[in-house]
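The file target.pdb contains PDB, C-alpha atoms and all ligand atoms:
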```pdb
ATOM      1  CA  MET A   1      87.705 114.569  58.690
ATOM      2  CA  GLU A   2      87.331 110.837  58.155
ATOM      3  CA  LYS A   3      87.336 108.254  60.949
ATOM      4  CA  ARG A   4      89.577 105.282  60.098
ATOM      5  CA  GLN A   5      90.639 102.195  62.029
ATOM      6  CA  GLU A   6      90.402 101.427  65.727
ATOM      7  CA  LEU A   7      93.767 102.032  67.351
ATOM      8  CA  TYR A   8      92.945 100.939  70.888
ATOM      9  CA  ALA A   9      89.932  99.840  72.915
ATOM     10  CA  GLY A  10      90.310 100.809  76.568
ATOM     11  CA  LYS A  11      87.959  99.977  79.434
ATOM     12  CA  ALA A  12      85.583 102.858  78.733
ATOM     13  CA  LYS A  13      86.649 104.478  75.473
ATOM     14  CA  SER A  14      87.783 103.382  72.023
ATOM     15  CA  VAL A  15      90.331 105.382  70.083
ATOM     16  CA  TYR A  16      90.289 105.701  66.269
ATOM     17  CA  THR A  17      92.766 107.134  63.806
ATOM     18  CA  THR A  18      91.581 109.713  61.257
ATOM     19  CA  ASP A  19      92.794 110.876  57.860
ATOM     20  CA  ASP A  20      94.793 113.526  59.785
ATOM     21  CA  PRO A  21      97.813 111.921  61.519
ATOM     22  CA  ASP A  22      97.633 114.563  64.272
ATOM     23  CA  LEU A  23      93.995 113.841  65.221
ATOM     24  CA  LEU A  24      92.115 110.949  66.841
ATOM     25  CA  VAL A  25      88.474 110.188  67.536
ATOM     26  CA  LEU A  26      87.584 109.224  71.120
ATOM     27  CA  HIS A  27      84.436 107.120  71.324
ATOM     28  CA  PHE A  28      82.898 107.167  74.815
ATOM     29  CA  ARG A  29      81.227 103.788  75.370
ATOM     30  CA  ASP A  30      78.614 102.869  77.989
ATOM     31  CA  ASP A  31      81.079 100.364  79.518
ATOM     32  CA  THR A  32      81.913 101.101  83.130
ATOM     33  CA  SER A  33      84.767  99.472  84.982
ATOM     34  CA  ALA A  34      85.937  99.435  88.561
ATOM     35  CA  PHE A  35      88.798  97.863  90.474
ATOM     36  CA  ASP A  36      91.206  98.001  87.494
ATOM     37  CA  GLY A  37      88.738  96.333  85.162
ATOM     38  CA  GLU A  38      87.783  93.469  87.485
ATOM     39  CA  ARG A  39      84.170  94.650  87.472
ATOM     40  CA  MET A  40      82.601  95.687  84.159
ATOM     41  CA  GLU A  41      79.028  96.756  83.449
ATOM     42  CA  SER A  42      77.244  98.676  80.738
ATOM     43  CA  LEU A  43      75.305 101.705  81.996
ATOM     44  CA  ALA A  44      72.817 103.166  79.521
ATOM     45  CA  ARG A  45      73.592 106.766  78.406
ATOM     46  CA  LYS A  46      77.010 106.849  80.106
ATOM     47  CA  GLY A  47      78.945 107.330  76.855
ATOM     48  CA  MET A  48      76.818 110.310  75.849
ATOM     49  CA  VAL A  49      76.834 111.814  79.344
ATOM     50  CA  ASN A  50      80.620 111.575  79.748
ATOM     51  CA  ASN A  51      81.299 112.802  76.213
ATOM     52  CA  CYS A  52      79.172 115.933  76.766
ATOM     53  CA  PHE A  53      80.502 116.432  80.307
ATOM     54  CA  ASN A  54      84.111 116.124  79.153
ATOM     55  CA  ALA A  55      83.584 118.525  76.226
ATOM     56  CA  PHE A  56      82.139 121.143  78.604
ATOM     57  CA  ILE A  57      85.009 120.810  81.112
ATOM     58  CA  MET A  58      87.773 120.744  78.470
ATOM     59  CA  GLU A  59      86.389 123.968  76.981
ATOM     60  CA  LYS A  60      86.361 125.624  80.425
ATOM     61  CA  LEU A  61      89.954 124.525  81.014
ATOM     62  CA  ALA A  62      91.106 125.747  77.597
ATOM     63  CA  ALA A  63      89.433 129.118  78.293
ATOM     64  CA  ALA A  64      91.465 129.274  81.520
ATOM     65  CA  GLY A  65      94.697 128.800  79.542
ATOM     66  CA  ILE A  66      95.270 125.075  80.081
ATOM     67  CA  PRO A  67      96.524 123.299  76.939
ATOM     68  CA  THR A  68      94.161 120.410  76.177
ATOM     69  CA  HIS A  69      93.844 117.795  73.415
ATOM     70  CA  PHE A  70      90.149 118.607  72.896
ATOM     71  CA  GLU A  71      89.166 119.902  69.453
ATOM     72  CA  ARG A  72      85.384 119.427  69.201
ATOM     73  CA  ARG A  73      82.496 117.100  69.883
ATOM     74  CA  LEU A  74      81.605 115.093  66.763
ATOM     75  CA  SER A  75      78.454 113.277  67.908
ATOM     76  CA  ASP A  76      76.626 112.196  71.078
ATOM     77  CA  VAL A  77      79.415 109.774  71.939
ATOM     78  CA  GLU A  78      82.466 110.916  69.950
ATOM     79  CA  SER A  79      84.984 113.750  70.206
ATOM     80  CA  LEU A  80      87.904 114.804  68.040
ATOM     81  CA  VAL A  81      91.192 115.225  69.928
ATOM     82  CA  LYS A  82      94.851 115.832  69.196
ATOM     83  CA  LYS A  83      96.868 112.625  69.050
ATOM     84  CA  LEU A  84      99.203 112.661  72.040
ATOM     85  CA  ASP A  85     102.144 110.482  73.020
ATOM     86  CA  MET A  86     100.620 109.589  76.366
ATOM     87  CA  ILE A  87     102.772 109.740  79.492
ATOM     88  CA  PRO A  88     101.917 106.584  81.498
ATOM     89  CA  VAL A  89     101.587 108.512  84.752
ATOM     90  CA  GLU A  90      98.311 109.510  86.439
ATOM     91  CA  CYS A  91      98.329 112.801  88.364
ATOM     92  CA  VAL A  92      95.962 112.918  91.347
ATOM     93  CA  VAL A  93      95.069 116.002  93.388
ATOM     94  CA  ARG A  94      92.998 115.658  96.551
ATOM     95  CA  ASN A  95      91.146 118.411  98.402
ATOM     96  CA  ILE A  96      89.406 116.031 100.799
ATOM     97  CA  ALA A  97      90.526 112.570 101.978
ATOM     98  CA  ALA A  98      88.698 109.656 100.305
ATOM     99  CA  GLY A  99      89.328 106.421  98.409
ATOM    100  CA  SER A 100      92.777 104.871  98.364
ATOM    101  CA  LEU A 101      94.261 107.605 100.592
ATOM    102  CA  VAL A 102      91.918 106.652 103.425
ATOM    103  CA  LYS A 103      92.859 102.968 103.096
ATOM    104  CA  ARG A 104      96.581 103.610 102.712
ATOM    105  CA  LEU A 105      97.051 106.074 105.581
ATOM    106  CA  GLY A 106      94.130 105.177 107.852
ATOM    107  CA  VAL A 107      92.850 108.765 107.816
ATOM    108  CA  THR A 108      89.177 109.684 108.102
ATOM    109  CA  GLU A 109      87.115 110.056 104.925
ATOM    110  CA  GLY A 110      86.028 113.671 104.602
ATOM    111  CA  GLU A 111      89.070 115.215 106.284
ATOM    112  CA  GLU A 112      90.009 118.454 104.530
ATOM    113  CA  LEU A 113      93.513 118.414 103.052
ATOM    114  CA  THR A 114      95.341 121.717 103.445
ATOM    115  CA  PRO A 115      97.165 122.265 101.211
ATOM    116  CA  PRO A 116      95.684 119.861  98.630
ATOM    117  CA  THR A 117      97.883 116.810  97.998
ATOM    118  CA  PHE A 118      99.538 115.716  94.747
ATOM    119  CA  GLU A 119     100.278 112.059  93.945
ATOM    120  CA  LEU A 120     101.606 110.116  90.961
ATOM    121  CA  PHE A 121     100.494 106.631  89.936
ATOM    122  CA  LEU A 122     101.834 104.418  87.170
ATOM    123  CA  LYS A 123      99.112 103.661  84.596
ATOM    124  CA  ASN A 124      99.284  99.864  84.687
ATOM    125  CA  ASP A 125      96.146  97.804  85.366
ATOM    126  CA  ALA A 126      98.067  94.529  85.785
ATOM    127  CA  LEU A 127     100.020  96.112  88.654
ATOM    128  CA  HIS A 128      96.897  97.943  89.961
ATOM    129  CA  ASP A 129      98.295 101.415  89.161
ATOM    130  CA  PRO A 130     101.022 101.480  91.844
ATOM    131  CA  MET A 131     101.947 104.770  93.483
ATOM    132  CA  ILE A 132     105.229 106.168  92.163
ATOM    133  CA  ASN A 133     107.219 109.376  92.603
ATOM    134  CA  GLU A 134     109.233 111.837  90.502
ATOM    135  CA  SER A 135     112.474 109.914  91.041
ATOM    136  CA  LEU A 136     111.022 106.639  89.723
ATOM    137  CA  ALA A 137     109.360 108.402  86.782
ATOM    138  CA  GLU A 138     112.691 109.997  85.835
ATOM    139  CA  SER A 139     114.821 106.847  86.272
ATOM    140  CA  PHE A 140     112.456 104.661  84.254
ATOM    141  CA  GLY A 141     112.067 107.322  81.573
ATOM    142  CA  TRP A 142     108.296 107.778  81.983
ATOM    143  CA  ALA A 143     108.701 111.574  82.163
ATOM    144  CA  THR A 144     111.496 114.126  82.609
ATOM    145  CA  PRO A 145     111.708 116.339  85.734
ATOM    146  CA  GLU A 146     110.662 119.309  83.583
ATOM    147  CA  GLN A 147     107.628 117.448  82.223
ATOM    148  CA  LEU A 148     106.659 116.341  85.735
ATOM    149  CA  ALA A 149     106.928 119.903  87.029
ATOM    150  CA  GLU A 150     104.689 121.115  84.206
ATOM    151  CA  MET A 151     102.147 118.318  84.827
ATOM    152  CA  LYS A 152     102.051 119.187  88.526
ATOM    153  CA  ALA A 153     101.588 122.913  87.873
ATOM    154  CA  LEU A 154      98.801 122.246  85.341
ATOM    155  CA  THR A 155      97.066 119.739  87.653
ATOM    156  CA  PHE A 156      96.929 122.367  90.423
ATOM    157  CA  LYS A 157      95.759 125.033  87.963
ATOM    158  CA  VAL A 158      92.898 122.695  86.973
ATOM    159  CA  ASN A 159      92.037 122.489  90.686
ATOM    160  CA  GLU A 160      91.588 126.247  90.969
ATOM    161  CA  VAL A 161      89.320 126.384  87.900
ATOM    162  CA  LEU A 162      87.212 123.327  88.706
ATOM    163  CA  LYS A 163      86.881 123.731  92.503
ATOM    164  CA  GLN A 164      85.241 127.083  91.764
ATOM    165  CA  LEU A 165      83.069 125.755  88.925
ATOM    166  CA  PHE A 166      81.728 122.868  91.012
ATOM    167  CA  ALA A 167      81.312 125.076  94.106
ATOM    168  CA  GLU A 168      78.942 127.273  92.087
ATOM    169  CA  GLY A 169      76.862 124.122  91.532
ATOM    170  CA  GLY A 170      76.834 123.287  95.253
ATOM    171  CA  LEU A 171      79.430 120.526  94.817
ATOM    172  CA  LEU A 172      82.742 119.702  96.471
ATOM    173  CA  LEU A 173      85.561 118.562  94.188
ATOM    174  CA  VAL A 174      87.040 115.914  96.491
ATOM    175  CA  ASP A 175      89.766 114.523  94.196
ATOM    176  CA  TYR A 176      90.492 113.798  90.537
ATOM    177  CA  LYS A 177      92.907 112.105  88.171
ATOM    178  CA  LEU A 178      94.443 113.678  85.069
ATOM    179  CA  GLU A 179      96.494 112.189  82.248
ATOM    180  CA  PHE A 180      98.879 114.163  80.096
ATOM    181  CA  GLY A 181     100.703 113.525  76.842
ATOM    182  CA  LEU A 182     103.080 115.202  74.444
ATOM    183  CA  PHE A 183     101.976 117.024  71.293
ATOM    184  CA  LYS A 184     104.895 118.291  69.221
ATOM    185  CA  GLY A 185     107.023 118.209  72.375
ATOM    186  CA  GLU A 186     104.586 120.160  74.584
ATOM    187  CA  ILE A 187     102.713 118.848  77.643
ATOM    188  CA  VAL A 188      98.976 118.746  76.888
ATOM    189  CA  LEU A 189      96.049 117.533  79.009
ATOM    190  CA  GLY A 190      94.590 114.359  77.494
ATOM    191  CA  ASP A 191      92.054 111.636  78.220
ATOM    192  CA  GLU A 192      88.855 112.869  79.904
ATOM    193  CA  PHE A 193      87.462 114.771  82.858
ATOM    194  CA  SER A 194      84.137 113.293  83.922
ATOM    195  CA  PRO A 195      82.557 111.881  87.093
ATOM    196  CA  ASP A 196      84.309 108.599  86.158
ATOM    197  CA  GLY A 197      87.679 110.049  87.128
ATOM    198  CA  CYS A 198      86.909 112.372  90.012
ATOM    199  CA  ARG A 199      84.961 112.488  93.259
ATOM    200  CA  LEU A 200      82.175 115.021  93.674
ATOM    201  CA  TRP A 201      80.063 115.384  96.808
ATOM    202  CA  ASP A 202      76.967 117.459  97.364
ATOM    203  CA  ALA A 203      78.273 120.349  99.493
ATOM    204  CA  LYS A 204      75.356 120.207 101.957
ATOM    205  CA  THR A 205      74.522 116.506 102.282
ATOM    206  CA  ARG A 206      77.944 115.126 101.229
ATOM    207  CA  ASP A 207      76.078 112.630  99.005
ATOM    208  CA  LYS A 208      78.429 110.987  96.487
ATOM    209  CA  MET A 209      77.648 112.059  92.916
ATOM    210  CA  ASP A 210      80.476 110.276  91.049
ATOM    211  CA  LYS A 211      81.784 106.829  90.124
ATOM    212  CA  ASP A 212      81.867 105.810  93.805
ATOM    213  CA  ARG A 213      78.101 105.218  93.335
ATOM    214  CA  PHE A 214      79.107 102.408  90.941
ATOM    215  CA  ARG A 215      82.089 101.171  92.985
ATOM    216  CA  GLN A 216      79.971 101.021  96.155
ATOM    217  CA  GLY A 217      76.764  99.721  94.510
ATOM    218  CA  LEU A 218      74.754 102.785  95.550
ATOM    219  CA  GLY A 219      72.687 102.909  92.316
ATOM    220  CA  GLY A 220      71.565 106.006  90.411
ATOM    221  CA  VAL A 221      75.018 106.348  88.843
ATOM    222  CA  ILE A 222      74.142 108.076  85.572
ATOM    223  CA  GLU A 223      71.334 110.058  87.213
ATOM    224  CA  ALA A 224      73.971 111.516  89.580
ATOM    225  CA  TYR A 225      76.338 112.359  86.667
ATOM    226  CA  GLU A 226      73.431 114.118  84.904
ATOM    227  CA  GLU A 227      72.532 116.024  88.060
ATOM    228  CA  VAL A 228      76.129 117.254  88.386
ATOM    229  CA  GLY A 229      76.072 118.299  84.732
ATOM    230  CA  ARG A 230      72.763 120.108  85.174
ATOM    231  CA  ARG A 231      74.112 122.055  88.170
ATOM    232  CA  ILE A 232      77.206 123.319  86.329
ATOM    233  CA  GLY A 233      75.503 124.026  82.992
ATOM    234  CA  VAL A 234      76.388 121.033  80.785
ATOM    235  CA  THR A 235      74.010 120.525  77.848
ATOM    236  CA  PHE A 236      73.483 116.845  77.164
ATOM    237  CA  ALA A 237      72.910 115.634  73.603
TER     238      ALA A 237
HETATM  239  P1  LIG B 301      92.029 102.689  79.823
HETATM  240  O1  LIG B 301      93.115 102.622  78.775
HETATM  241  O2  LIG B 301      92.575 103.149  81.136
HETATM  242  O3  LIG B 301      91.224 101.457  79.901
HETATM  243  P2  LIG B 301      90.021 104.296  78.364
HETATM  244  O4  LIG B 301      89.037 103.230  78.119
HETATM  245  O5  LIG B 301      89.531 105.619  78.788
HETATM  246  O6  LIG B 301      91.095 103.919  79.464
HETATM  247  O7  LIG B 301      90.867 104.400  77.038
HETATM  248  C1  LIG B 301      91.284 105.567  76.489
HETATM  249  C2  LIG B 301      92.763 105.465  76.197
HETATM  250  O8  LIG B 301      93.141 106.495  75.299
HETATM  251  C3  LIG B 301      93.624 105.615  77.440
HETATM  252  O9  LIG B 301      94.643 104.642  77.426
HETATM  253  C4  LIG B 301      94.212 107.009  77.296
HETATM  254  O10 LIG B 301      95.489 107.108  77.901
HETATM  255  C5  LIG B 301      94.283 107.166  75.789
HETATM  256  N1  LIG B 301      94.171 108.548  75.334
HETATM  257  C6  LIG B 301      93.384 109.515  75.832
HETATM  258  N2  LIG B 301      93.525 110.680  75.166
HETATM  259  C7  LIG B 301      94.450 110.442  74.198
HETATM  260  C8  LIG B 301      95.055 111.251  73.170
HETATM  261  N3  LIG B 301      94.704 112.518  73.008
HETATM  262  N4  LIG B 301      95.983 110.676  72.376
HETATM  263  C9  LIG B 301      96.324 109.375  72.528
HETATM  264  N5  LIG B 301      95.791 108.562  73.467
HETATM  265  C10 LIG B 301      94.867 109.078  74.289
HETATM  266  N1  LIG B 302      91.171 107.584  89.511
HETATM  267  C1  LIG B 302      90.923 107.305  88.190
HETATM  268  N2  LIG B 302      91.527 106.250  87.589
HETATM  269  C2  LIG B 302      92.394 105.454  88.265
HETATM  270  C3  LIG B 302      92.658 105.734  89.622
HETATM  271  C4  LIG B 302      92.027 106.807  90.218
HETATM  272  O1  LIG B 302      90.144 108.013  87.541
HETATM  273  O2  LIG B 302      92.941 104.507  87.659
HETATM  274  C5  LIG B 302      90.519 108.731  90.168
HETATM  275  C6  LIG B 302      89.427 108.311  91.126
HETATM  276  O3  LIG B 302      88.161 108.301  90.477
HETATM  277  C7  LIG B 302      89.486 109.396  92.180
HETATM  278  C8  LIG B 302      90.946 109.830  92.184
HETATM  279  O4  LIG B 302      91.491 109.409  90.946
HETATM  280  O5  LIG B 302      88.698 110.495  91.795
HETATM  281  C9  LIG B 302      91.751 109.249  93.330
HETATM  282  O6  LIG B 302      91.587 107.850  93.315
HETATM  283  P1  LIG B 302      92.139 106.939  94.502
HETATM  284  O7  LIG B 302      93.633 106.987  94.520
HETATM  285  O8  LIG B 302      91.451 107.315  95.775
HETATM  286  O9  LIG B 302      91.789 105.480  94.056
HETATM  287  P2  LIG B 302      90.448 104.627  94.095
HETATM  288  O10 LIG B 302      89.880 104.719  95.464
HETATM  289  O11 LIG B 302      89.587 105.222  93.043
HETATM  290  O12 LIG B 302      90.951 103.257  93.740
END
```
Let's see the structure in the file written out as structure tokens.
Ligand code: ADP
Ligand code: UDP
Amino acid sequence: MEKRQELYAGKAKSVYTTDDPDLLVLHFRDDTSAFDGERMESLARKGMVNNCFNAFIMEKLAAAGIPTHFERRLSDVESLVKKLDMIPVECVVRNIAAGSLVKRLGVTEGEELTPPTFELFLKNDALHDPMINESLAESFGWATPEQLAEMKALTFKVNEVLKQLFAEGGLLLVDYKLEFGLFKGEIVLGDEFSPDGCRLWDAKTRDKMDKDRFRQGLGGVIEAYEEVGRRIGVTFA
């Protein structure tokens, strides 16, 4: 497999084509963004930590029967993935109220959500990822009702696998965002699962161990990601 030209440089990852038209290389950079890219900083080791974290989680999800784009880790900061036609819709499941939900509905942070909630957001930084629904996604052609149903079912299946995995490490999976795409017509989990795209709290102290440490200027961001990884069995490069 040969890495070729850069296809896209996102806020945290760069995407490269390969000599295989069905495969891409994801390069996890140290760049860290918040507030739709308004705040950017480089955090040493983040690319390596998220690449190893994501590889570990994607393998757990695949073992649980979830179709993912992940093929294999290529280096400290790179992974080989299937090239997907990305669906520009972010799927968010919440087990506990936090973040934008608290602001939007005026509910208390930490309130348990029973059953867990499911939300859709349009992936569009310029519009600050507005909340959408199935009707809008269908009318604007972002995804079909069948694709949306599959994305929702898979997002909840991920919740069952990961809530348990993190619980064994003494962590609460508060919420998370997933992105899906199409590979030969099938819905496949893409992008990444790392503490950049989820909220994880220590089950006893409720300390934040995720990207909220960066958003809220709490410090110890990468140390917290590494601690989460250590508790669930991730091996860092
Ligand atoms: P952003 O685009 O939000 O700034 P990143 O810096 O993480 O985010 O960039 C990675 C980009 O690659 C995202 O736009 C994501 O949707 C896209 N992507 C992730 N996995 C795949 C894949 N398997 N195939 C094609 N594109 C992908
Ligand atoms: N999230 C993400 N990317 C986004 C928006 C949200 O990874 O563009 C994640 C976020 O880290 C959290 C969950 O999705 O784990 C829910 O985010 P929320 O809607 O509360 O928004 P935020 O408070 O992060 O703006």
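Restricting the calculation to only C-alpha atoms, the smallest distance between Ser33 (chain A) and any of A:Ala12, A:Ala64, A:Ala203, A:Leu171 is found for A:Ala12.
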Exercise. Do you know which residues are at most 10 Å from Leu61 (chain A) counting all atoms listed in the file, after dropping those on the same chain fewer than 5 positions away, and could you put them as a PyMOL selection string?
Worked result: chain A and resi 55-56+66-68+157-158+161-162+189
Just want the residues within 6 Å of ligand LIG 302 (chain B), written as a CSV table (one decimal) with C-alpha atoms, in the coordinates of the input, counting all atoms listed in the file.
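Below is the file that was written, selection-v3.csv:
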```csv
chain,number,residue,atom,x,y,z
A,92,VAL,CA,96.0,112.9,91.3
A,98,ALA,CA,88.7,109.7,100.3
A,99,GLY,CA,89.3,106.4,98.4
A,100,SER,CA,92.8,104.9,98.4
A,101,LEU,CA,94.3,107.6,100.6
A,175,ASP,CA,89.8,114.5,94.2
A,176,TYR,CA,90.5,113.8,90.5
A,177,LYS,CA,92.9,112.1,88.2
A,196,ASP,CA,84.3,108.6,86.2
A,197,GLY,CA,87.7,110.0,87.1
A,198,CYS,CA,86.9,112.4,90.0
A,199,ARG,CA,85.0,112.5,93.3
```
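Using only C-alpha atoms, the shortest contact distance between Leu165 (chain A) and any of A:Arg29, A:Lys60, A:Lys46, A:Lys83 is found at A:Lys60.
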For this session: Could you tell me which residues the PyMOL selection byres (((chain A and resi 38) around 12) and not hetatm) returns for this structure, as JSON, numbers by chain?
Result: {"A": [11, 32, 33, 34, 35, 36, 37, 39, 40, 41, 125, 126, 128, 215]}
Seminar exercise, completed: What separates CA of Asn133 (chain A) and CA of Phe121 (chain A) is a distance of 7.7 Å
Seminar exercise, completed: Of A:Lys184, A:Arg230, A:Lys123, A:Arg213, the one sitting nearest ligand LIG 301 (chain B) when using all atoms listed in the file is A:Lys123
For this session: Give as a list in words every residue, naming chains and numbers as the document does, that has an atom within 8 Å of (86.8, 107.9, 67.8), counting only C-alpha atoms.
Result: Lys3, Glu6, Ser14, Val15, Tyr16, Thr17, Leu24, Val25, Leu26, His27, Glu78, Ser79 and Leu80 of chain A
Exercise. Which residue, A:Asp129, A:Glu109, A:Glu134, A:Glu59, has the smallest gap to ligand LIG 301 (chain B) when you use all atoms listed in the file?
Worked result: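 Going through A:Asp129, A:Glu109, A:Glu134, A:Glu59 one by one, the smallest distance to ligand LIG 301 (chain B) is for A:Asp129.
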Hey, could you make a per-residue contact list for chain A against ligand LIG 301 (chain B) with 6 Å as the cut-off, showing the nearest pair of atoms and its distance in Å to one decimal, counting only C-alpha atoms and all ligand atoms, sorted by chain and number, as CSV?
```
residue,atom,partner,partner_atom,distance
A:Gly10,CA,B:LIG301,O4,3.1
A:Lys11,CA,B:LIG301,O3,3.6
A:Ala12,CA,B:LIG301,O4,3.5
A:Lys13,CA,B:LIG301,O4,3.8
A:Ser14,CA,B:LIG301,O7,6.0
A:His69,CA,B:LIG301,N3,5.4
A:Val81,CA,B:LIG301,N3,5.4
A:Lys82,CA,B:LIG301,N3,5.1
A:Lys83,CA,B:LIG301,N4,4.0
A:Leu84,CA,B:LIG301,N4,3.8
A:Asp85,CA,B:LIG301,C9,5.9
A:Met86,CA,B:LIG301,N5,5.7
A:Gly190,CA,B:LIG301,N2,4.5
A:Asp191,CA,B:LIG301,C6,3.5
```
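Of the listed residues (A:Leu105, A:Val228, A:Leu74, A:Val188), A:Val228 comes nearest to Phe166 (chain A); the distances count all atoms listed in the file.
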Exercise. Care to translate the PyMOL selection byres (((chain A and resi 148) around 12) and not hetatm) into actual residues of this file, as a PyMOL selection string?
Worked result: chain A and resi 87-91+118-120+133-138+141-147+149-155+179-182+186-188
Those same residues, written as an mmCIF file, keeping the file's coordinate frame with C-alpha atoms?
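As written to disk, selection31.cif reads:
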```
data_model
loop_
_atom_site.group_PDB
_atom_site.id
_atom_site.type_symbol
_atom_site.label_atom_id
_atom_site.label_comp_id
_atom_site.auth_asym_id
_atom_site.auth_seq_id
_atom_site.Cartn_x
_atom_site.Cartn_y
_atom_site.Cartn_z
ATOM 1 C CA ILE A 87 102.772 109.740 79.492
ATOM 2 C CA PRO A 88 101.917 106.584 81.498
ATOM 3 C CA VAL A 89 101.587 108.512 84.752
ATOM 4 C CA GLU A 90 98.311 109.510 86.439
ATOM 5 C CA CYS A 91 98.329 112.801 88.364
ATOM 6 C CA PHE A 118 99.538 115.716 94.747
ATOM 7 C CA GLU A 119 100.278 112.059 93.945
ATOM 8 C CA LEU A 120 101.606 110.116 90.961
ATOM 9 C CA ASN A 133 107.219 109.376 92.603
ATOM 10 C CA GLU A 134 109.233 111.837 90.502
ATOM 11 C CA SER A 135 112.474 109.914 91.041
ATOM 12 C CA LEU A 136 111.022 106.639 89.723
ATOM 13 C CA ALA A 137 109.360 108.402 86.782
ATOM 14 C CA GLU A 138 112.691 109.997 85.835
ATOM 15 C CA GLY A 141 112.067 107.322 81.573
ATOM 16 C CA TRP A 142 108.296 107.778 81.983
ATOM 17 C CA ALA A 143 108.701 111.574 82.163
ATOM 18 C CA THR A 144 111.496 114.126 82.609
ATOM 19 C CA PRO A 145 111.708 116.339 85.734
ATOM 20 C CA GLU A 146 110.662 119.309 83.583
ATOM 21 C CA GLN A 147 107.628 117.448 82.223
ATOM 22 C CA ALA A 149 106.928 119.903 87.029
ATOM 23 C CA GLU A 150 104.689 121.115 84.206
ATOM 24 C CA MET A 151 102.147 118.318 84.827
ATOM 25 C CA LYS A 152 102.051 119.187 88.526
ATOM 26 C CA ALA A 153 101.588 122.913 87.873
ATOM 27 C CA LEU A 154 98.801 122.246 85.341
ATOM 28 C CA THR A 155 97.066 119.739 87.653
ATOM 29 C CA GLU A 179 96.494 112.189 82.248
ATOM 30 C CA PHE A 180 98.879 114.163 80.096
ATOM 31 C CA GLY A 181 100.703 113.525 76.842
ATOM 32 C CA LEU A 182 103.080 115.202 74.444
ATOM 33 C CA GLU A 186 104.586 120.160 74.584
ATOM 34 C CA ILE A 187 102.713 118.848 77.643
ATOM 35 C CA VAL A 188 98.976 118.746 76.888
#
```
For this session: Could you please determine the separation between CA of Glu111 (chain A) and CA of Asp210 (chain A) in Å, to one decimal place?
Result: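 A separation of 18.2 Å between them.
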For this session: May I ask for the distance between CA of Gly110 (chain A) and CA of Ile96 (chain A), given in Å to one decimal place?
Result: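 CA of Ile96 (chain A) lies at a distance of 5.6 Å from CA of Gly110 (chain A).
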For this session: Evaluate the PyMOL selection byres (((chain A and resi 51) around 7) and not hetatm) and record the selected residues as number ranges by chain, following the chain and residue labels used in the document.
Result: A: 28, 47-50, 52-55, 76-78
Output C-alpha atoms for every residue in that selection, as a compact mmCIF listing (two decimals), in the frame of the given file.
```txt
# COMPACT_ATOMS: atom_id res chain seq x y z
CA PHE A 28 82.90 107.17 74.82
CA GLY A 47 78.94 107.33 76.86
CA MET A 48 76.82 110.31 75.85
CA VAL A 49 76.83 111.81 79.34
CA ASN A 50 80.62 111.58 79.75
CA CYS A 52 79.17 115.93 76.77
CA PHE A 53 80.50 116.43 80.31
CA ASN A 54 84.11 116.12 79.15
CA ALA A 55 83.58 118.52 76.23
CA ASP A 76 76.63 112.20 71.08
CA VAL A 77 79.42 109.77 71.94
CA GLU A 78 82.47 110.92 69.95
```
